[in-house]
>>> print(open('input.txt').read())   # compact mmCIF, N, CA and C atoms
# COMPACT_ATOMS: atom_id res chain seq x y z
N MET S 93 8.28 4.26 -16.93
CA MET S 93 9.66 4.04 -16.53
C MET S 93 9.72 2.77 -15.70
N LYS S 94 10.74 1.97 -15.97
CA LYS S 94 11.00 0.78 -15.16
C LYS S 94 12.26 1.04 -14.33
N VAL S 95 12.17 0.79 -13.05
CA VAL S 95 13.29 0.98 -12.14
C VAL S 95 13.64 -0.36 -11.52
N THR S 96 14.91 -0.74 -11.67
CA THR S 96 15.41 -1.95 -11.04
C THR S 96 16.37 -1.55 -9.94
N ILE S 97 16.19 -2.14 -8.77
CA ILE S 97 17.11 -1.94 -7.66
C ILE S 97 17.80 -3.28 -7.42
N LEU S 98 19.10 -3.30 -7.60
CA LEU S 98 19.91 -4.48 -7.33
C LEU S 98 20.65 -4.22 -6.03
N ALA S 99 20.46 -5.10 -5.06
CA ALA S 99 20.99 -4.83 -3.73
C ALA S 99 21.62 -6.07 -3.11
N ILE S 100 22.68 -5.84 -2.39
CA ILE S 100 23.34 -6.90 -1.64
C ILE S 100 22.74 -6.92 -0.23
N GLY S 101 22.43 -8.11 0.23
CA GLY S 101 21.78 -8.30 1.52
C GLY S 101 20.29 -8.48 1.31
N LYS S 102 19.68 -9.30 2.14
CA LYS S 102 18.25 -9.58 1.98
C LYS S 102 17.46 -8.88 3.08
N CYS S 103 16.38 -8.26 2.67
CA CYS S 103 15.51 -7.52 3.57
C CYS S 103 14.48 -8.48 4.18
N LYS S 104 14.35 -8.50 5.49
CA LYS S 104 13.37 -9.36 6.15
C LYS S 104 11.96 -8.89 5.79
N LYS S 105 11.09 -9.84 5.47
CA LYS S 105 9.76 -9.52 4.94
C LYS S 105 8.94 -8.56 5.78
N ASN S 106 8.90 -8.72 7.07
CA ASN S 106 8.02 -7.89 7.89
C ASN S 106 8.77 -6.81 8.67
N SER S 107 9.99 -6.52 8.26
CA SER S 107 10.76 -5.50 8.96
C SER S 107 10.18 -4.12 8.68
N PRO S 108 10.46 -3.15 9.54
CA PRO S 108 9.99 -1.78 9.28
C PRO S 108 10.48 -1.24 7.94
N GLU S 109 11.72 -1.58 7.58
CA GLU S 109 12.26 -1.12 6.30
C GLU S 109 11.47 -1.71 5.14
N ALA S 110 11.17 -3.00 5.22
CA ALA S 110 10.40 -3.66 4.14
C ALA S 110 9.02 -3.03 4.01
N GLN S 111 8.41 -2.69 5.13
CA GLN S 111 7.09 -2.05 5.09
C GLN S 111 7.17 -0.67 4.44
N LEU S 112 8.21 0.09 4.75
CA LEU S 112 8.39 1.41 4.17
C LEU S 112 8.67 1.30 2.66
N ILE S 113 9.52 0.37 2.29
CA ILE S 113 9.81 0.14 0.87
C ILE S 113 8.53 -0.21 0.13
N ALA S 114 7.75 -1.13 0.69
CA ALA S 114 6.49 -1.55 0.07
C ALA S 114 5.52 -0.38 -0.09
N GLU S 115 5.49 0.50 0.88
CA GLU S 115 4.60 1.67 0.79
C GLU S 115 4.99 2.56 -0.39
N TYR S 116 6.28 2.82 -0.56
CA TYR S 116 6.71 3.66 -1.68
C TYR S 116 6.58 2.95 -3.03
N VAL S 117 6.76 1.65 -3.05
CA VAL S 117 6.51 0.90 -4.29
C VAL S 117 5.04 1.02 -4.67
N LYS S 118 4.17 0.92 -3.67
CA LYS S 118 2.72 1.02 -3.92
C LYS S 118 2.34 2.41 -4.44
N ARG S 119 2.94 3.45 -3.89
CA ARG S 119 2.65 4.82 -4.32
C ARG S 119 3.20 5.12 -5.72
N SER S 120 4.22 4.40 -6.09
CA SER S 120 4.94 4.70 -7.33
C SER S 120 4.08 4.45 -8.57
N GLY S 121 4.24 5.31 -9.54
CA GLY S 121 3.60 5.12 -10.83
C GLY S 121 4.49 4.38 -11.80
N TRP S 122 5.69 4.02 -11.37
CA TRP S 122 6.64 3.33 -12.21
C TRP S 122 6.71 1.86 -11.81
N GLU S 123 7.14 1.04 -12.73
CA GLU S 123 7.36 -0.38 -12.44
C GLU S 123 8.66 -0.49 -11.63
N ILE S 124 8.57 -1.11 -10.47
CA ILE S 124 9.73 -1.25 -9.59
C ILE S 124 10.05 -2.74 -9.43
N VAL S 125 11.30 -3.10 -9.70
CA VAL S 125 11.77 -4.48 -9.52
C VAL S 125 12.95 -4.42 -8.56
N ILE S 126 12.90 -5.24 -7.51
CA ILE S 126 13.99 -5.30 -6.54
C ILE S 126 14.55 -6.72 -6.55
N LYS S 127 15.85 -6.82 -6.80
CA LYS S 127 16.53 -8.12 -6.76
C LYS S 127 17.61 -8.04 -5.69
N GLU S 128 17.69 -9.10 -4.89
CA GLU S 128 18.63 -9.13 -3.77
C GLU S 128 19.55 -10.33 -3.87
N LYS S 129 20.69 -10.21 -3.24
CA LYS S 129 21.63 -11.33 -3.12
C LYS S 129 22.23 -11.27 -1.73
N ASP S 130 22.39 -12.45 -1.13
CA ASP S 130 23.05 -12.51 0.18
C ASP S 130 24.44 -11.92 0.11
N ASN S 131 24.90 -11.41 1.24
CA ASN S 131 26.27 -10.91 1.33
C ASN S 131 27.24 -12.01 0.93
N ALA S 132 28.28 -11.63 0.24
CA ALA S 132 29.30 -12.57 -0.21
C ALA S 132 30.61 -11.82 -0.35
N THR S 133 31.55 -12.37 -1.08
CA THR S 133 32.78 -11.63 -1.35
C THR S 133 32.45 -10.50 -2.32
N GLN S 134 33.30 -9.50 -2.35
CA GLN S 134 33.09 -8.37 -3.27
C GLN S 134 33.01 -8.85 -4.71
N ASP S 135 33.82 -9.81 -5.08
CA ASP S 135 33.79 -10.32 -6.45
C ASP S 135 32.44 -10.95 -6.79
N VAL S 136 31.91 -11.76 -5.89
CA VAL S 136 30.62 -12.41 -6.11
C VAL S 136 29.51 -11.35 -6.15
N GLU S 137 29.58 -10.39 -5.24
CA GLU S 137 28.59 -9.31 -5.23
C GLU S 137 28.63 -8.52 -6.53
N ALA S 138 29.83 -8.16 -6.98
CA ALA S 138 29.98 -7.40 -8.22
C ALA S 138 29.43 -8.19 -9.40
N HIS S 139 29.69 -9.48 -9.44
CA HIS S 139 29.19 -10.32 -10.52
C HIS S 139 27.66 -10.29 -10.54
N PHE S 140 27.04 -10.46 -9.38
CA PHE S 140 25.57 -10.41 -9.30
C PHE S 140 25.04 -9.08 -9.81
N LEU S 141 25.63 -7.99 -9.34
CA LEU S 141 25.15 -6.66 -9.73
C LEU S 141 25.30 -6.45 -11.23
N LEU S 142 26.47 -6.73 -11.76
CA LEU S 142 26.74 -6.46 -13.17
C LEU S 142 25.94 -7.37 -14.10
N GLU S 143 25.74 -8.60 -13.70
CA GLU S 143 25.00 -9.56 -14.54
C GLU S 143 23.50 -9.29 -14.57
N ASN S 144 22.99 -8.54 -13.61
CA ASN S 144 21.54 -8.33 -13.53
C ASN S 144 21.08 -6.95 -13.98
N ILE S 145 21.99 -6.15 -14.50
CA ILE S 145 21.60 -4.84 -15.03
C ILE S 145 20.80 -5.07 -16.31
N PRO S 146 19.58 -4.55 -16.39
CA PRO S 146 18.80 -4.72 -17.63
C PRO S 146 19.50 -4.08 -18.82
N HIS S 147 19.42 -4.74 -19.95
CA HIS S 147 20.04 -4.24 -21.18
C HIS S 147 19.48 -2.85 -21.51
N GLY S 148 20.37 -1.91 -21.76
CA GLY S 148 19.96 -0.56 -22.15
C GLY S 148 19.62 0.37 -21.00
N ALA S 149 19.67 -0.14 -19.76
CA ALA S 149 19.32 0.70 -18.61
C ALA S 149 20.42 1.68 -18.29
N LYS S 150 20.04 2.87 -17.83
CA LYS S 150 21.00 3.79 -17.22
C LYS S 150 21.33 3.21 -15.85
N VAL S 151 22.59 3.27 -15.49
CA VAL S 151 23.05 2.65 -14.24
C VAL S 151 23.45 3.73 -13.25
N VAL S 152 22.84 3.67 -12.07
CA VAL S 152 23.16 4.59 -10.98
C VAL S 152 23.75 3.75 -9.86
N VAL S 153 25.02 3.98 -9.57
CA VAL S 153 25.71 3.25 -8.53
C VAL S 153 25.76 4.12 -7.28
N LEU S 154 25.18 3.61 -6.19
CA LEU S 154 25.23 4.34 -4.93
C LEU S 154 26.60 4.09 -4.31
N ASP S 155 27.36 5.17 -4.15
CA ASP S 155 28.75 5.05 -3.73
C ASP S 155 29.15 6.33 -3.02
N GLU S 156 29.91 6.20 -1.95
CA GLU S 156 30.33 7.37 -1.18
C GLU S 156 31.17 8.34 -1.99
N ARG S 157 31.76 7.89 -3.09
CA ARG S 157 32.59 8.75 -3.94
C ARG S 157 31.75 9.54 -4.94
N GLY S 158 30.46 9.28 -4.98
CA GLY S 158 29.60 9.86 -6.00
C GLY S 158 29.19 11.29 -5.74
N ALA S 159 28.43 11.81 -6.68
CA ALA S 159 27.90 13.17 -6.58
C ALA S 159 26.85 13.22 -5.47
N ASN S 160 26.90 14.29 -4.70
CA ASN S 160 25.92 14.53 -3.65
C ASN S 160 24.94 15.56 -4.21
N MET S 161 23.80 15.09 -4.71
CA MET S 161 22.86 15.94 -5.43
C MET S 161 21.63 16.24 -4.58
N LYS S 162 21.01 17.37 -4.89
CA LYS S 162 19.69 17.65 -4.32
C LYS S 162 18.67 16.80 -5.07
N SER S 163 17.54 16.57 -4.45
CA SER S 163 16.48 15.77 -5.07
C SER S 163 16.06 16.37 -6.41
N VAL S 164 15.97 17.68 -6.48
CA VAL S 164 15.57 18.34 -7.73
C VAL S 164 16.59 18.08 -8.83
N GLU S 165 17.87 18.12 -8.48
CA GLU S 165 18.92 17.85 -9.48
C GLU S 165 18.82 16.42 -9.99
N LEU S 166 18.60 15.47 -9.09
CA LEU S 166 18.47 14.08 -9.49
C LEU S 166 17.23 13.89 -10.37
N ALA S 167 16.14 14.55 -10.01
CA ALA S 167 14.92 14.47 -10.82
C ALA S 167 15.15 15.04 -12.21
N GLN S 168 15.89 16.14 -12.30
CA GLN S 168 16.19 16.73 -13.61
C GLN S 168 17.02 15.79 -14.46
N LYS S 169 17.99 15.10 -13.84
CA LYS S 169 18.82 14.14 -14.57
C LYS S 169 17.96 13.00 -15.10
N VAL S 170 17.09 12.45 -14.25
CA VAL S 170 16.21 11.36 -14.66
C VAL S 170 15.25 11.82 -15.75
N GLU S 171 14.68 13.01 -15.58
CA GLU S 171 13.76 13.53 -16.59
C GLU S 171 14.49 13.72 -17.93
N ASN S 172 15.72 14.20 -17.89
CA ASN S 172 16.50 14.36 -19.12
C ASN S 172 16.73 13.01 -19.79
N TRP S 173 17.05 11.99 -18.99
CA TRP S 173 17.20 10.65 -19.56
C TRP S 173 15.89 10.21 -20.23
N MET S 174 14.78 10.43 -19.54
CA MET S 174 13.47 10.04 -20.09
C MET S 174 13.19 10.75 -21.41
N LEU S 175 13.47 12.05 -21.44
CA LEU S 175 13.23 12.83 -22.65
C LEU S 175 14.12 12.38 -23.81
N ASN S 176 15.21 11.71 -23.48
CA ASN S 176 16.12 11.18 -24.49
C ASN S 176 15.91 9.70 -24.76
N GLY S 177 14.74 9.20 -24.37
CA GLY S 177 14.35 7.83 -24.74
C GLY S 177 14.68 6.73 -23.76
N VAL S 178 15.23 7.07 -22.60
CA VAL S 178 15.55 6.05 -21.61
C VAL S 178 14.26 5.58 -20.93
N SER S 179 14.07 4.29 -20.85
CA SER S 179 12.88 3.76 -20.18
C SER S 179 13.23 2.82 -19.03
N ASP S 180 14.52 2.67 -18.76
CA ASP S 180 15.00 1.76 -17.73
C ASP S 180 16.13 2.41 -16.94
N ILE S 181 16.00 2.40 -15.62
CA ILE S 181 17.07 2.87 -14.74
C ILE S 181 17.35 1.76 -13.75
N CYS S 182 18.61 1.52 -13.47
CA CYS S 182 19.01 0.48 -12.54
C CYS S 182 19.89 1.09 -11.45
N PHE S 183 19.48 0.94 -10.21
CA PHE S 183 20.24 1.42 -9.05
C PHE S 183 20.98 0.23 -8.43
N LEU S 184 22.27 0.41 -8.13
CA LEU S 184 23.07 -0.64 -7.52
C LEU S 184 23.47 -0.25 -6.11
N ILE S 185 23.12 -1.11 -5.16
CA ILE S 185 23.50 -0.93 -3.75
C ILE S 185 24.45 -2.07 -3.40
N GLY S 186 25.68 -1.74 -3.09
CA GLY S 186 26.69 -2.75 -2.80
C GLY S 186 26.61 -3.28 -1.39
N GLY S 187 27.54 -4.18 -1.10
CA GLY S 187 27.63 -4.78 0.23
C GLY S 187 28.38 -3.89 1.20
N ALA S 188 28.70 -4.44 2.35
CA ALA S 188 29.35 -3.69 3.42
C ALA S 188 30.69 -3.11 3.01
N ASP S 189 31.39 -3.78 2.09
CA ASP S 189 32.70 -3.29 1.66
C ASP S 189 32.61 -2.38 0.44
N GLY S 190 31.41 -2.05 0.02
CA GLY S 190 31.23 -1.13 -1.10
C GLY S 190 31.39 -1.82 -2.45
N HIS S 191 31.61 -1.02 -3.47
CA HIS S 191 31.69 -1.50 -4.85
C HIS S 191 33.14 -1.62 -5.31
N LEU S 192 33.37 -2.60 -6.16
CA LEU S 192 34.66 -2.69 -6.84
C LEU S 192 34.72 -1.63 -7.93
N GLN S 193 35.91 -1.29 -8.36
CA GLN S 193 36.07 -0.28 -9.40
C GLN S 193 35.34 -0.68 -10.68
N GLU S 194 35.32 -1.96 -11.01
CA GLU S 194 34.63 -2.39 -12.24
C GLU S 194 33.14 -2.07 -12.18
N THR S 195 32.56 -2.10 -11.01
CA THR S 195 31.14 -1.74 -10.87
C THR S 195 30.97 -0.24 -11.00
N ARG S 196 31.83 0.53 -10.34
CA ARG S 196 31.76 1.99 -10.47
C ARG S 196 31.96 2.42 -11.92
N ASP S 197 32.83 1.72 -12.65
CA ASP S 197 33.09 2.06 -14.05
C ASP S 197 31.85 1.87 -14.93
N LYS S 198 30.93 1.03 -14.52
CA LYS S 198 29.71 0.77 -15.30
C LYS S 198 28.68 1.89 -15.12
N ALA S 199 28.87 2.76 -14.16
CA ALA S 199 27.88 3.77 -13.78
C ALA S 199 27.73 4.87 -14.82
N ASP S 200 26.48 5.21 -15.11
CA ASP S 200 26.17 6.45 -15.82
C ASP S 200 26.14 7.60 -14.83
N LEU S 201 25.91 7.25 -13.57
CA LEU S 201 25.91 8.23 -12.49
C LEU S 201 26.38 7.54 -11.21
N LEU S 202 27.43 8.09 -10.61
CA LEU S 202 27.83 7.68 -9.26
C LEU S 202 27.13 8.64 -8.32
N LEU S 203 26.32 8.10 -7.43
CA LEU S 203 25.47 8.92 -6.57
C LEU S 203 25.76 8.64 -5.10
N SER S 204 25.98 9.71 -4.35
CA SER S 204 26.20 9.60 -2.92
C SER S 204 24.99 10.17 -2.19
N PHE S 205 24.63 9.55 -1.10
CA PHE S 205 23.58 10.08 -0.23
C PHE S 205 24.22 10.75 0.98
N GLY S 206 25.44 11.25 0.79
CA GLY S 206 26.14 11.97 1.84
C GLY S 206 27.23 11.13 2.47
N LYS S 207 27.88 11.71 3.44
CA LYS S 207 29.01 11.07 4.10
C LYS S 207 28.59 10.12 5.22
N LEU S 208 27.31 10.13 5.57
CA LEU S 208 26.82 9.27 6.65
C LEU S 208 26.82 7.81 6.21
N THR S 209 26.94 6.92 7.17
CA THR S 209 26.84 5.49 6.91
C THR S 209 25.42 5.05 7.26
N PHE S 210 24.78 4.36 6.31
CA PHE S 210 23.42 3.86 6.52
C PHE S 210 23.43 2.34 6.50
N PRO S 211 22.60 1.70 7.33
CA PRO S 211 22.42 0.26 7.18
C PRO S 211 21.83 0.00 5.78
N HIS S 212 22.21 -1.11 5.17
CA HIS S 212 21.79 -1.39 3.80
C HIS S 212 20.28 -1.40 3.63
N MET S 213 19.57 -1.97 4.58
CA MET S 213 18.10 -2.04 4.43
C MET S 213 17.48 -0.65 4.53
N LEU S 214 18.01 0.17 5.41
CA LEU S 214 17.50 1.54 5.53
C LEU S 214 17.83 2.33 4.26
N MET S 215 19.00 2.07 3.67
CA MET S 215 19.37 2.76 2.43
C MET S 215 18.38 2.44 1.32
N ARG S 216 17.89 1.23 1.28
CA ARG S 216 16.88 0.86 0.28
C ARG S 216 15.61 1.67 0.46
N ALA S 217 15.19 1.84 1.72
CA ALA S 217 13.99 2.63 2.00
C ALA S 217 14.20 4.08 1.60
N VAL S 218 15.37 4.63 1.91
CA VAL S 218 15.68 6.02 1.54
C VAL S 218 15.71 6.15 0.01
N LEU S 219 16.33 5.20 -0.66
CA LEU S 219 16.37 5.23 -2.12
C LEU S 219 14.97 5.15 -2.71
N MET S 220 14.14 4.27 -2.19
CA MET S 220 12.78 4.12 -2.72
C MET S 220 11.98 5.40 -2.52
N GLU S 221 12.17 6.07 -1.39
CA GLU S 221 11.50 7.35 -1.17
C GLU S 221 11.98 8.37 -2.19
N GLN S 222 13.26 8.38 -2.49
CA GLN S 222 13.79 9.34 -3.47
C GLN S 222 13.28 9.03 -4.88
N ILE S 223 13.12 7.77 -5.20
CA ILE S 223 12.54 7.40 -6.51
C ILE S 223 11.12 7.95 -6.60
N TYR S 224 10.36 7.79 -5.52
CA TYR S 224 9.01 8.35 -5.49
C TYR S 224 9.06 9.88 -5.60
N ARG S 225 9.98 10.51 -4.88
CA ARG S 225 10.12 11.97 -4.91
C ARG S 225 10.49 12.45 -6.31
N ILE S 226 11.37 11.73 -7.00
CA ILE S 226 11.73 12.07 -8.39
C ILE S 226 10.47 12.15 -9.24
N GLN S 227 9.60 11.16 -9.10
CA GLN S 227 8.36 11.14 -9.88
C GLN S 227 7.50 12.35 -9.57
N THR S 228 7.39 12.68 -8.30
CA THR S 228 6.52 13.80 -7.93
C THR S 228 7.10 15.12 -8.44
N ILE S 229 8.42 15.26 -8.42
CA ILE S 229 9.05 16.48 -8.94
C ILE S 229 8.82 16.58 -10.44
N ILE S 230 9.06 15.49 -11.16
CA ILE S 230 8.87 15.49 -12.61
C ILE S 230 7.42 15.82 -12.97
N ASN S 231 6.48 15.33 -12.17
CA ASN S 231 5.05 15.55 -12.43
C ASN S 231 4.51 16.83 -11.79
N HIS S 232 5.39 17.66 -11.25
CA HIS S 232 5.00 18.94 -10.63
C HIS S 232 3.96 18.76 -9.53
N HIS S 233 4.07 17.66 -8.82
CA HIS S 233 3.17 17.35 -7.71
C HIS S 233 3.63 18.13 -6.50
N PRO S 234 2.72 18.61 -5.67
CA PRO S 234 3.13 19.41 -4.51
C PRO S 234 3.79 18.61 -3.38
N TYR S 235 4.03 17.31 -3.59
CA TYR S 235 4.70 16.50 -2.56
C TYR S 235 6.06 17.11 -2.21
N HIS S 236 6.77 17.57 -3.20
CA HIS S 236 8.09 18.14 -2.95
C HIS S 236 7.99 19.65 -2.81
N ARG S 237 8.59 20.16 -1.75
CA ARG S 237 8.60 21.60 -1.54
C ARG S 237 10.04 22.06 -1.43
N GLU S 238 10.39 23.06 -2.19
CA GLU S 238 11.76 23.56 -2.09
C GLU S 238 11.74 25.07 -2.04
>>> encode(input="input.txt", output="structure tokens")
Amino acid sequence: MKVTILAIGKCKKNSPEAQLIAEYVKRSGWEIVIKEKDNATQDVEAHFLLENIPHGAKVVVLDERGANMKSVELAQKVENWMLNGVSDICFLIGGADGHLQETRDKADLLLSFGKLTFPHMLMRAVLMEQIYRIQTIINHHPYHRE
């Protein structure tokens, strides 16, 4: 599986968040690609996100309006995609003002991580941990306990 994370805002190389992200990328058995763009207007951000989605990828837009799923539910959705021939998933993390409707319309899944507000860099670390957790659930690894 190839996972692309498209994110607005740039993560500082030696920040705690960057170190945590790097740790989960290292643990991952999947190919992980992270592309970033500096904060800009919503239109410019949307253009960057939409133009960089890999062809044929399932698109997961992180948005407060999305489904609030348990990790197991998200893993089941990803596993179902895999069983149906999907080899690419793309996660979109918007800027401070969120996503435009045109970006949300592109989503195969609108996903919420709850009603809390997270700093963008921390959200990347949380997302990367969940990507790793999805893998462990799919592989019946004891990392996840429910």
>>> select_by_dssp(input="input.txt", residues="stretch 93-237 of chain S", states="strand (DSSP E)", output="PyMOL selection string")
chain S and resi 94-100+123-129+150-160+180-185+201-204
>>> closest_atom_pairs(input="input.txt", of="stretch 106-159 of chain S", to="stretch 200-216 of chain S", cutoff="8 Å", atoms="all atoms listed in the file", output="CSV")
residue,atom,partner,partner_atom,distance
S:Pro108,C,S:Met213,C,7.8
S:Glu109,CA,S:Met213,C,5.5
S:Ala110,N,S:Met213,C,6.8
S:Leu112,C,S:Arg216,C,7.3
S:Ile113,CA,S:Arg216,C,6.0
S:Ala149,C,S:Asp200,N,7.7
S:Lys150,C,S:Asp200,N,5.6
S:Val151,C,S:Asp200,N,3.9
S:Val152,CA,S:Leu201,C,4.4
S:Val153,C,S:Leu203,N,4.0
S:Leu154,CA,S:Leu203,C,4.3
S:Asp155,N,S:Leu203,C,3.9
S:Glu156,CA,S:Ser204,CA,5.0
S:Arg157,C,S:Leu202,C,5.8
S:Gly158,CA,S:Leu202,C,3.6
S:Ala159,C,S:Ser204,N,3.8
>>> closest_residue(input="input.txt", among="S:Ala132, S:Leu184, S:Ile229, S:Leu142", to="S:Thr96", atoms="all atoms listed in the file")
S:Leu184
>>> residues_around(input="input.txt", residues="stretch 217-224 of chain S", least_positions_apart="5", cutoff="12 Å", atoms="only C-alpha atoms", output="PyMOL selection string")
chain S and resi 93-99+103+107-126+152-154+161-167+170-171+181-185+203-205+210-212+229-231+233+235-236
>>> atom_distance(input="input.txt", atom1="atom CA of S:Glu143", atom2="atom CA of S:Gly190")
17.0 Å
>>> atom_distance(input="input.txt", atom1="atom CA of S:His232", atom2="atom CA of S:Ala199")
27.6 Å
>>> closest_residue(input="input.txt", among="S:Asp197, S:Lys127, S:Asp180, S:Gln168", to="S:Pro146", atoms="only N, CA and C atoms")
S:Asp180
>>> atom_distance(input="input.txt", atom1="atom CA of S:Gln227", atom2="atom CA of S:Asn160")
18.9 Å
>>> decode(input="input.txt", residues="stretch 125-139 of chain S", atoms="N, CA and C atoms", output="PDB file, in the first residue's frame")
ATOM      1  N   VAL S 125       4.473   8.816   1.628  1.00  0.00           N
ATOM      2  CA  VAL S 125       4.953  10.032   0.972  1.00  0.00           C
ATOM      3  C   VAL S 125       4.224  11.205   1.612  1.00  0.00           C
ATOM      4  N   ILE S 126       4.984  12.202   2.064  1.00  0.00           N
ATOM      5  CA  ILE S 126       4.391  13.393   2.663  1.00  0.00           C
ATOM      6  C   ILE S 126       4.790  14.604   1.816  1.00  0.00           C
ATOM      7  N   LYS S 127       3.785  15.330   1.346  1.00  0.00           N
ATOM      8  CA  LYS S 127       4.028  16.554   0.584  1.00  0.00           C
ATOM      9  C   LYS S 127       3.386  17.707   1.337  1.00  0.00           C
ATOM     10  N   GLU S 128       4.127  18.804   1.434  1.00  0.00           N
ATOM     11  CA  GLU S 128       3.667  19.961   2.195  1.00  0.00           C
ATOM     12  C   GLU S 128       3.634  21.210   1.325  1.00  0.00           C
ATOM     13  N   LYS S 129       2.818  22.146   1.733  1.00  0.00           N
ATOM     14  CA  LYS S 129       2.771  23.465   1.094  1.00  0.00           C
ATOM     15  C   LYS S 129       2.594  24.496   2.188  1.00  0.00           C
ATOM     16  N   ASP S 130       3.296  25.623   2.035  1.00  0.00           N
ATOM     17  CA  ASP S 130       3.118  26.720   2.988  1.00  0.00           C
ATOM     18  C   ASP S 130       1.672  27.169   3.022  1.00  0.00           C
ATOM     19  N   ASN S 131       1.273  27.715   4.157  1.00  0.00           N
ATOM     20  CA  ASN S 131      -0.069  28.291   4.280  1.00  0.00           C
ATOM     21  C   ASN S 131      -0.258  29.349   3.208  1.00  0.00           C
ATOM     22  N   ALA S 132      -1.453  29.402   2.675  1.00  0.00           N
ATOM     23  CA  ALA S 132      -1.790  30.370   1.636  1.00  0.00           C
ATOM     24  C   ALA S 132      -3.283  30.638   1.712  1.00  0.00           C
ATOM     25  N   THR S 133      -3.854  31.179   0.653  1.00  0.00           N
ATOM     26  CA  THR S 133      -5.301  31.339   0.626  1.00  0.00           C
ATOM     27  C   THR S 133      -5.931  29.956   0.476  1.00  0.00           C
ATOM     28  N   GLN S 134      -7.193  29.852   0.848  1.00  0.00           N
ATOM     29  CA  GLN S 134      -7.892  28.569   0.718  1.00  0.00           C
ATOM     30  C   GLN S 134      -7.879  28.077  -0.725  1.00  0.00           C
ATOM     31  N   ASP S 135      -8.025  28.975  -1.672  1.00  0.00           N
ATOM     32  CA  ASP S 135      -8.018  28.579  -3.085  1.00  0.00           C
ATOM     33  C   ASP S 135      -6.673  27.970  -3.482  1.00  0.00           C
ATOM     34  N   VAL S 136      -5.585  28.594  -3.081  1.00  0.00           N
ATOM     35  CA  VAL S 136      -4.247  28.089  -3.400  1.00  0.00           C
ATOM     36  C   VAL S 136      -4.017  26.752  -2.692  1.00  0.00           C
ATOM     37  N   GLU S 137      -4.429  26.661  -1.439  1.00  0.00           N
ATOM     38  CA  GLU S 137      -4.291  25.406  -0.695  1.00  0.00           C
ATOM     39  C   GLU S 137      -5.085  24.294  -1.369  1.00  0.00           C
ATOM     40  N   ALA S 138      -6.332  24.581  -1.745  1.00  0.00           N
ATOM     41  CA  ALA S 138      -7.176  23.574  -2.398  1.00  0.00           C
ATOM     42  C   ALA S 138      -6.546  23.125  -3.709  1.00  0.00           C
ATOM     43  N   HIS S 139      -6.006  24.054  -4.466  1.00  0.00           N
ATOM     44  CA  HIS S 139      -5.365  23.714  -5.738  1.00  0.00           C
ATOM     45  C   HIS S 139      -4.197  22.751  -5.492  1.00  0.00           C
TER      46      HIS S 139
END
